[in-house]
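One file, input_34.cif, is given below (mmCIF, C-alpha atoms).
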data_target
#
loop_
_atom_site.label_atom_id
_atom_site.label_comp_id
_atom_site.auth_asym_id
_atom_site.auth_seq_id
_atom_site.Cartn_x
_atom_site.Cartn_y
_atom_site.Cartn_z
CA MET A 5 103.82 89.90 126.09
CA ALA A 6 100.85 87.70 126.94
CA VAL A 7 98.46 90.50 127.87
CA LEU A 8 95.36 88.59 126.77
CA ASN A 9 94.76 85.63 129.03
CA LYS A 10 92.04 84.23 126.79
CA SER A 11 92.45 84.56 123.08
CA CYS A 12 90.14 84.09 120.10
CA VAL A 13 90.39 83.28 116.44
CA HIS A 14 88.42 85.65 114.17
CA VAL A 15 87.58 85.06 110.54
CA TYR A 16 86.40 87.87 108.21
CA THR A 17 85.23 86.39 104.93
CA GLY A 18 82.55 86.80 102.23
CA ASN A 19 82.37 88.85 99.04
CA GLY A 20 81.60 92.21 100.68
CA LYS A 21 83.82 95.17 101.40
CA GLY A 22 85.33 95.53 104.87
CA LYS A 23 87.35 92.38 105.58
CA THR A 24 90.88 93.78 105.58
CA THR A 25 89.68 97.11 106.95
CA ALA A 26 87.94 95.34 109.87
CA ALA A 27 91.26 93.67 110.68
CA LEU A 28 93.07 97.02 110.38
CA GLY A 29 90.56 98.65 112.71
CA LEU A 30 91.25 95.92 115.25
CA VAL A 31 94.97 96.52 114.83
CA LEU A 32 94.40 100.20 115.59
CA ARG A 33 92.40 99.32 118.69
CA ALA A 34 94.96 96.75 119.86
CA SER A 35 97.79 99.23 119.34
CA GLY A 36 95.90 101.84 121.37
CA ALA A 37 95.65 99.33 124.22
CA GLY A 38 99.40 98.67 124.11
CA LEU A 39 99.08 95.20 122.58
CA LYS A 40 101.84 94.02 120.26
CA VAL A 41 100.71 93.19 116.71
CA SER A 42 102.15 91.30 113.75
CA ILE A 43 100.49 91.59 110.33
CA GLN A 44 101.39 89.24 107.50
CA GLN A 45 99.79 90.18 104.19
CA PHE A 46 99.42 87.31 101.74
CA ILE A 47 98.63 87.61 98.01
CA LYS A 48 99.10 91.36 97.83
CA SER A 49 102.08 93.63 98.11
CA GLY A 50 102.59 97.35 97.76
CA ASN A 51 102.93 100.57 99.68
CA TYR A 52 99.20 101.03 100.21
CA SER A 53 97.86 104.06 102.07
CA GLU A 54 97.08 101.95 105.16
CA ILE A 55 100.68 100.73 105.27
CA LYS A 56 101.90 104.33 105.42
CA ALA A 57 99.54 105.06 108.33
CA LEU A 58 100.40 101.81 110.16
CA ARG A 59 104.07 102.77 110.17
CA LYS A 60 103.17 105.75 112.34
CA ILE A 61 101.43 103.76 115.05
CA SER A 62 103.40 101.89 117.67
CA ASN A 63 103.63 98.17 118.43
CA VAL A 64 102.82 97.04 114.89
CA ASP A 65 105.17 94.94 112.71
CA LEU A 66 104.09 94.41 109.14
CA ALA A 67 105.35 92.04 106.44
CA GLN A 68 104.07 91.30 102.95
CA CYS A 69 104.62 88.09 101.03
CA GLY A 70 102.62 88.76 97.91
CA ARG A 71 104.23 89.73 94.65
CA LYS A 72 103.72 93.05 92.89
CA SER A 73 101.62 91.53 90.12
CA PHE A 74 98.26 90.17 91.13
CA ILE A 75 97.78 86.42 90.71
CA LYS A 76 95.69 85.71 87.62
CA GLY A 77 94.69 82.14 86.92
CA LYS A 78 97.06 79.46 88.20
CA PRO A 79 99.67 80.72 90.71
CA SER A 80 103.29 80.45 89.60
CA GLU A 81 106.18 78.73 91.38
CA ALA A 82 107.35 82.19 92.51
CA ASP A 83 103.91 82.97 94.02
CA SER A 84 104.04 79.70 95.89
CA GLU A 85 107.54 80.35 97.28
CA CYS A 86 106.59 83.86 98.42
CA ALA A 87 103.52 82.53 100.25
CA LYS A 88 105.52 79.76 101.91
CA ARG A 89 108.12 82.21 103.19
CA GLY A 90 105.36 84.46 104.53
CA PHE A 91 103.67 81.55 106.21
CA GLU A 92 106.89 80.46 107.93
CA LYS A 93 107.39 84.01 109.20
CA ALA A 94 103.79 84.19 110.49
CA LYS A 95 104.21 80.83 112.24
CA ASP A 96 107.39 82.04 113.90
CA ASP A 97 105.59 85.20 115.04
CA ILE A 98 102.71 83.18 116.52
CA PHE A 99 104.96 80.79 118.43
CA SER A 100 107.48 83.47 119.51
CA GLU A 101 104.93 84.76 122.06
CA LYS A 102 106.23 88.25 121.26
CA TYR A 103 102.84 89.23 119.85
CA ASP A 104 99.37 89.48 121.35
CA LEU A 105 97.64 89.66 117.97
CA VAL A 106 98.70 88.13 114.66
CA VAL A 107 96.79 89.15 111.52
CA LEU A 108 96.96 86.80 108.53
CA ASP A 109 95.54 89.11 105.88
CA GLU A 110 94.15 87.41 102.74
CA ILE A 111 95.35 84.00 103.97
CA ASN A 112 91.90 82.58 103.12
CA VAL A 113 92.63 83.32 99.46
CA ALA A 114 96.12 81.79 99.80
CA MET A 115 94.55 78.60 101.17
CA LYS A 116 91.93 78.56 98.41
CA LEU A 117 94.67 78.88 95.77
CA GLY A 118 96.67 76.08 97.41
CA LEU A 119 99.58 78.40 98.24
CA VAL A 120 99.24 77.64 101.95
CA ASN A 121 98.10 74.27 103.33
CA THR A 122 94.74 74.51 105.09
CA ARG A 123 95.43 71.59 107.45
CA GLU A 124 98.67 73.22 108.50
CA VAL A 125 96.88 76.52 109.23
CA ALA A 126 94.27 74.61 111.27
CA ALA A 127 97.01 72.83 113.24
CA ILE A 128 98.74 76.14 114.05
CA ILE A 129 95.49 77.69 115.22
CA LYS A 130 94.87 74.75 117.55
CA ASP A 131 98.44 74.50 118.87
CA ARG A 132 99.12 78.22 119.25
CA PRO A 133 100.12 79.73 122.61
CA LYS A 134 96.80 80.49 124.25
CA SER A 135 97.64 84.17 124.71
CA VAL A 136 97.80 84.83 120.95
CA GLU A 137 94.72 86.25 119.20
CA ILE A 138 94.58 85.42 115.49
CA ILE A 139 92.66 87.12 112.66
CA LEU A 140 92.27 85.54 109.23
CA THR A 141 90.81 87.54 106.33
CA GLY A 142 89.86 86.97 102.71
CA ARG A 143 87.10 85.50 100.59
CA ASP A 144 86.36 81.77 100.49
CA CYS A 145 87.51 80.80 103.96
CA PRO A 146 87.76 76.97 104.04
CA ALA A 147 85.13 75.19 106.18
CA MET A 148 87.85 73.49 108.23
CA ILE A 149 89.04 76.90 109.46
CA LYS A 150 85.56 78.30 110.09
CA GLU A 151 84.78 75.30 112.27
CA ILE A 152 87.63 75.95 114.68
CA ALA A 153 87.29 79.76 114.74
CA ASP A 154 85.58 81.46 117.69
CA LEU A 155 84.11 84.27 115.62
CA VAL A 156 83.21 84.11 111.96
CA THR A 157 81.82 87.19 110.23
CA GLU A 158 80.67 86.97 106.66
CA MET A 159 80.76 90.32 104.89
CA ARG A 160 77.84 90.18 102.45
CA GLU A 161 77.69 92.61 99.57
CA MET A 162 74.11 93.72 99.23
CA ARG A 163 73.88 94.76 95.61
CA HIS A 164 71.34 97.25 94.51
CA PRO A 165 70.44 98.85 91.21
CA TYR A 166 71.79 102.31 92.00
CA ARG A 167 75.41 101.19 92.19
CA ARG A 168 77.52 103.48 90.03
CA GLY A 169 80.64 102.51 88.11
CA ILE A 170 83.28 104.08 90.31
CA LYS A 171 86.83 102.79 90.02
CA ALA A 172 89.19 102.09 92.94
CA ARG A 173 90.33 105.32 94.59
CA ARG A 174 93.51 105.99 96.56
CA GLY A 175 92.75 106.42 100.27
CA ILE A 176 89.45 104.54 100.07
CA GLU A 177 90.00 101.26 98.24
CA TYR A 178 93.80 101.06 98.55
CA MET B 3 90.24 119.53 100.55
CA ALA B 4 88.23 117.88 97.78
CA VAL B 5 90.78 115.21 96.93
CA LEU B 6 88.15 112.68 95.88
CA ASN B 7 86.41 113.81 92.73
CA LYS B 8 83.81 111.06 92.98
CA SER B 9 82.57 110.08 96.39
CA CYS B 10 80.54 107.17 97.73
CA VAL B 11 78.29 106.40 100.65
CA HIS B 12 79.14 103.18 102.50
CA VAL B 13 76.94 101.37 104.99
CA TYR B 14 78.27 98.70 107.36
CA THR B 15 75.39 97.00 109.11
CA GLY B 16 74.21 93.57 110.36
CA ASN B 17 74.63 91.71 113.63
CA GLY B 18 78.23 90.56 113.06
CA LYS B 19 81.51 91.89 114.39
CA GLY B 20 83.52 94.30 112.27
CA LYS B 21 81.29 97.29 111.49
CA THR B 22 83.05 100.02 113.47
CA THR B 23 86.44 98.38 112.92
CA ALA B 24 85.87 98.34 109.13
CA ALA B 25 85.20 102.09 109.32
CA LEU B 26 88.32 102.58 111.47
CA GLY B 27 90.42 100.62 108.98
CA LEU B 28 89.16 102.93 106.24
CA VAL B 29 90.06 105.93 108.39
CA LEU B 30 93.59 104.54 108.73
CA ARG B 31 93.84 104.07 104.98
CA ALA B 32 92.42 107.53 104.24
CA SER B 33 94.83 109.12 106.71
CA GLY B 34 97.75 107.32 105.06
CA ALA B 35 96.68 108.83 101.74
CA GLY B 36 96.58 112.33 103.21
CA LEU B 37 92.79 112.60 103.20
CA LYS B 38 91.14 114.62 105.94
CA VAL B 39 88.71 112.68 108.15
CA SER B 40 85.97 113.54 110.63
CA ILE B 41 84.52 110.84 112.87
CA GLN B 42 81.34 111.40 114.84
CA GLN B 43 80.51 108.58 117.24
CA PHE B 44 76.87 108.30 118.20
CA ILE B 45 75.40 106.25 121.08
CA LYS B 46 78.74 105.48 122.68
CA SER B 47 81.32 107.55 124.49
CA GLY B 48 84.56 106.73 126.23
CA ASN B 49 88.31 106.72 125.84
CA TYR B 50 88.41 103.43 123.93
CA SER B 51 91.72 101.94 122.83
CA GLU B 52 91.06 102.93 119.21
CA ILE B 53 90.53 106.54 120.25
CA LYS B 54 93.98 106.59 121.85
CA ALA B 55 95.54 105.22 118.66
CA LEU B 56 93.57 107.60 116.40
CA ARG B 57 94.95 110.57 118.29
CA LYS B 58 98.41 109.59 117.06
CA ILE B 59 97.54 109.55 113.38
CA SER B 60 97.26 112.73 111.42
CA ASN B 61 94.31 114.34 109.65
CA VAL B 62 91.67 112.78 111.89
CA ASP B 63 89.20 114.78 114.01
CA LEU B 64 87.02 112.79 116.38
CA ALA B 65 83.94 113.73 118.39
CA GLN B 66 81.61 111.65 120.51
CA CYS B 67 78.00 112.47 121.27
CA GLY B 68 76.98 109.41 123.24
CA ARG B 69 76.66 109.49 126.99
CA LYS B 70 78.80 107.43 129.34
CA SER B 71 75.96 105.11 130.28
CA PHE B 72 74.71 102.83 127.52
CA ILE B 73 71.12 103.41 126.41
CA LYS B 74 68.86 100.72 127.85
CA GLY B 75 65.22 100.67 126.83
CA LYS B 76 63.75 104.03 125.87
CA PRO B 77 66.30 106.82 125.32
CA SER B 78 66.07 109.75 127.72
CA GLU B 79 65.72 113.44 126.89
CA ALA B 80 69.45 113.82 127.60
CA ASP B 81 70.32 111.02 125.12
CA SER B 82 68.22 112.76 122.52
CA GLU B 83 69.89 116.14 123.08
CA CYS B 84 73.37 114.62 122.89
CA ALA B 85 72.54 112.89 119.60
CA LYS B 86 71.05 116.09 118.14
CA ARG B 87 74.17 118.09 118.99
CA GLY B 88 76.35 115.40 117.44
CA PHE B 89 74.25 115.33 114.32
CA GLU B 90 74.47 119.13 113.92
CA LYS B 91 78.25 118.91 114.24
CA ALA B 92 78.45 116.08 111.69
CA LYS B 93 76.27 118.05 109.27
CA ASP B 94 78.53 121.09 109.65
CA ASP B 95 81.57 118.89 108.97
CA ILE B 96 79.98 117.44 105.84
CA PHE B 97 79.00 120.81 104.39
CA SER B 98 82.20 122.62 105.46
CA GLU B 99 84.09 120.81 102.66
CA LYS B 100 87.04 120.63 105.05
CA TYR B 101 86.82 116.84 105.13
CA ASP B 102 87.19 114.17 102.45
CA LEU B 103 85.66 111.44 104.61
CA VAL B 104 83.02 111.74 107.32
CA VAL B 105 82.32 108.67 109.48
CA LEU B 106 78.97 108.54 111.27
CA ASP B 107 79.69 105.68 113.66
CA GLU B 108 76.62 103.91 115.12
CA ILE B 109 74.29 106.42 113.47
CA ASN B 110 72.14 103.50 112.24
CA VAL B 111 71.35 102.69 115.86
CA ALA B 112 70.64 106.38 116.56
CA MET B 113 68.16 106.41 113.65
CA LYS B 114 66.55 103.16 114.82
CA LEU B 115 66.09 104.63 118.31
CA GLY B 116 64.59 107.81 116.87
CA LEU B 117 67.43 109.98 118.19
CA VAL B 118 68.28 111.15 114.69
CA ASN B 119 65.72 111.63 111.92
CA THR B 120 66.21 109.13 109.08
CA ARG B 121 64.73 111.43 106.41
CA GLU B 122 67.10 114.18 107.46
CA VAL B 123 70.09 111.83 107.20
CA ALA B 124 68.89 110.76 103.73
CA ALA B 125 68.55 114.40 102.66
CA ILE B 126 72.08 115.21 103.83
CA ILE B 127 73.50 112.23 101.98
CA LYS B 128 71.78 113.35 98.77
CA ASP B 129 72.64 117.05 99.11
CA ARG B 130 76.23 116.68 100.34
CA PRO B 131 79.15 118.24 98.47
CA LYS B 132 80.05 115.60 95.91
CA SER B 133 83.65 115.37 97.12
CA VAL B 134 82.65 114.05 100.56
CA GLU B 135 82.73 110.29 101.20
CA ILE B 136 80.38 109.17 103.97
CA ILE B 137 80.41 106.00 106.07
CA LEU B 138 77.48 104.97 108.26
CA THR B 139 77.80 102.10 110.72
CA GLY B 140 75.61 100.19 113.15
CA ARG B 141 72.97 97.48 113.25
CA ASP B 142 69.52 97.91 111.77
CA CYS B 143 70.31 100.42 109.03
CA PRO B 144 66.97 101.81 107.80
CA ALA B 145 65.93 100.71 104.28
CA MET B 146 65.68 104.36 103.15
CA ILE B 147 69.41 104.80 103.77
CA LYS B 148 70.44 101.48 102.23
CA GLU B 149 68.58 102.42 99.06
CA ILE B 150 70.60 105.58 98.49
CA ALA B 151 73.98 104.14 99.56
CA ASP B 152 76.51 103.09 96.92
CA LEU B 153 77.91 100.23 98.96
CA VAL B 154 76.08 98.24 101.59
CA THR B 155 77.89 95.49 103.47
CA GLU B 156 75.99 93.34 105.89
CA MET B 157 78.23 91.79 108.53
CA ARG B 158 76.64 88.44 109.29
CA GLU B 159 77.56 86.60 112.44
CA MET B 160 77.89 82.94 111.58
CA ARG B 161 77.26 81.18 114.85
CA HIS B 162 78.64 77.77 115.47
CA PRO B 163 78.59 75.34 118.38
CA TYR B 164 82.16 75.83 119.49
CA ARG B 165 81.69 79.45 120.53
CA ARG B 166 83.11 79.93 124.00
CA GLY B 167 81.88 82.36 126.64
CA ILE B 168 84.62 84.99 126.44
CA LYS B 169 83.84 88.46 127.77
CA ALA B 170 84.79 91.75 126.09
CA ARG B 171 88.53 92.33 126.29
CA ARG B 172 90.42 95.64 126.23
CA GLY B 173 92.31 96.06 122.96
CA ILE B 174 90.07 93.62 121.08
CA GLU B 175 86.43 94.49 121.75
CA TYR B 176 86.94 98.04 123.01
#

Show me the file's structure as structure tokens.
Amino acid sequence: MAVLNKSCVHVYTGNGKGKTTAALGLVLRASGAGLKVSIQQFIKSGNYSEIKALRKISNVDLAQCGRKSFIKGKPSEADSECAKRGFEKAKDDIFSEKYDLVVLDEINVAMKLGLVNTREVAAIIKDRPKSVEIILTGRDCPAMIKEIADLVTEMREMRHPYRRGIKARRGIEY
Amino acid sequence: MAVLNKSCVHVYTGNGKGKTTAALGLVLRASGAGLKVSIQQFIKSGNYSEIKALRKISNVDLAQCGRKSFIKGKPSEADSECAKRGFEKAKDDIFSEKYDLVVLDEINVAMKLGLVNTREVAAIIKDRPKSVEIILTGRDCPAMIKEIADLVTEMREMRHPYRRGIKARRGIEY
């Protein structure tokens, strides 16, 4: 669609809350402006509350390439294959020029775990059609990616002693 | 509705990008889970792209109490009245128990500018019905509020030399 004539690369990283939700908020905004969005979720998979809501808004295509079980320790061969398939799909979406915004959710974690090659991600960012805005989220964003991004936000968790032991709640954390 | 039996207070602050969008992403998630949401936007007003998209998703009521013109320098009497009206409405929403999540967007800036009384905000947070989750966004969150919040995320803008001079774009920045 090529609505944006200048595009940026955003990174949302750090240990604080708000990385994926910041990307989702941008998706909402982009959708409201009539931009076409592709979201590829790495690492995680499931019918989260936000997925249900995203299905109701227009111009948003979503795919997940994580497995149901969360990766603990060393990723398996199956984890690696899932991530590779997801990455190929995301690459196709970026180069198709069908989308104005492509969100690579949790790809920073996929790079950190070696499921996706950091140099390859960097090459795609550099070679992408210049109308395509890209958002990368997840902890531990590699330095190579931060260096070529236009906007890097680190979400810092400011701990404090009054934090209470509340578990993850449907509609808020997932 | 009282769906959440334990609620939290989140603060998204700092000079980085992603504060309002993180709140909007949470609104999307909450809506997908069937939670009822009220958003009160302070300081700013306008038919932003995200507002258009929010109108399409269910369970979300939105009000704005900023004026069209952005506050430059000292706020006027009219700015102050707008903020006060918005704050009264937000308070009513919190105590009505009709909402599971109340977002006070840019209220940190309103407190910093003296448009909303910080002690009063702190009192409302403490006295709120315990089923109501509250999100406060904006730069310069007062220490008094951060101390009573359960979750404080500081969005830090990590500058780097390759930043290009790109102006605000519809669908991405607003």

Non-local contacts of region 23-38 of chain B (10 Å; only C-alpha atoms; under 2 positions in same chain excluded) as a PyMOL selection string: (chain A and resi 21-33+52-60+174-178) or (chain B and resi 3-6+12-14+19-21+40-41+52-53+56+59-63+99-107+137-139+175)

Residue nearest Asp154 (chain A) among A:Lys130, A:Lys116, A:Lys95, A:Lys171 (counting only C-alpha atoms): A:Lys130

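Shortest separation to Leu64 (chain B) among B:Ser82, B:Ser47, B:Ser133, B:Asn17 occurs at residue B:Ser47, atoms counted being only C-alpha atoms.
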
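Proximity to Asp95 (chain B) was assessed for B:Ala65, B:Ile168, B:Ala112, B:Val11 counting all atoms listed in the file; the smallest distance is recorded for B:Ala65.
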
Please provide as a VMD selection string all residues within 12 Å of Ser78 (chain B), with the sequence filter that same-chain residues fewer than 6 positions apart are discarded (counting all atoms listed in the file). chain B and resid 45 68 to 69 71 to 72 84 to 85 115 to 117

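For the atom pair formed by CA of Thr157 (chain A) and CA of Ala127 (chain A), the distance is 21.1 Å, given to one decimal.
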
Give me, please, the distance in Å between CA of Val123 (chain B) and CA of Gln66 (chain B), quoted to one decimal.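 It comes out at 17.6 Å.
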
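Rounded to one decimal, CA of Ala151 (chain B) and CA of Glu135 (chain B) lie 10.8 Å from each other.
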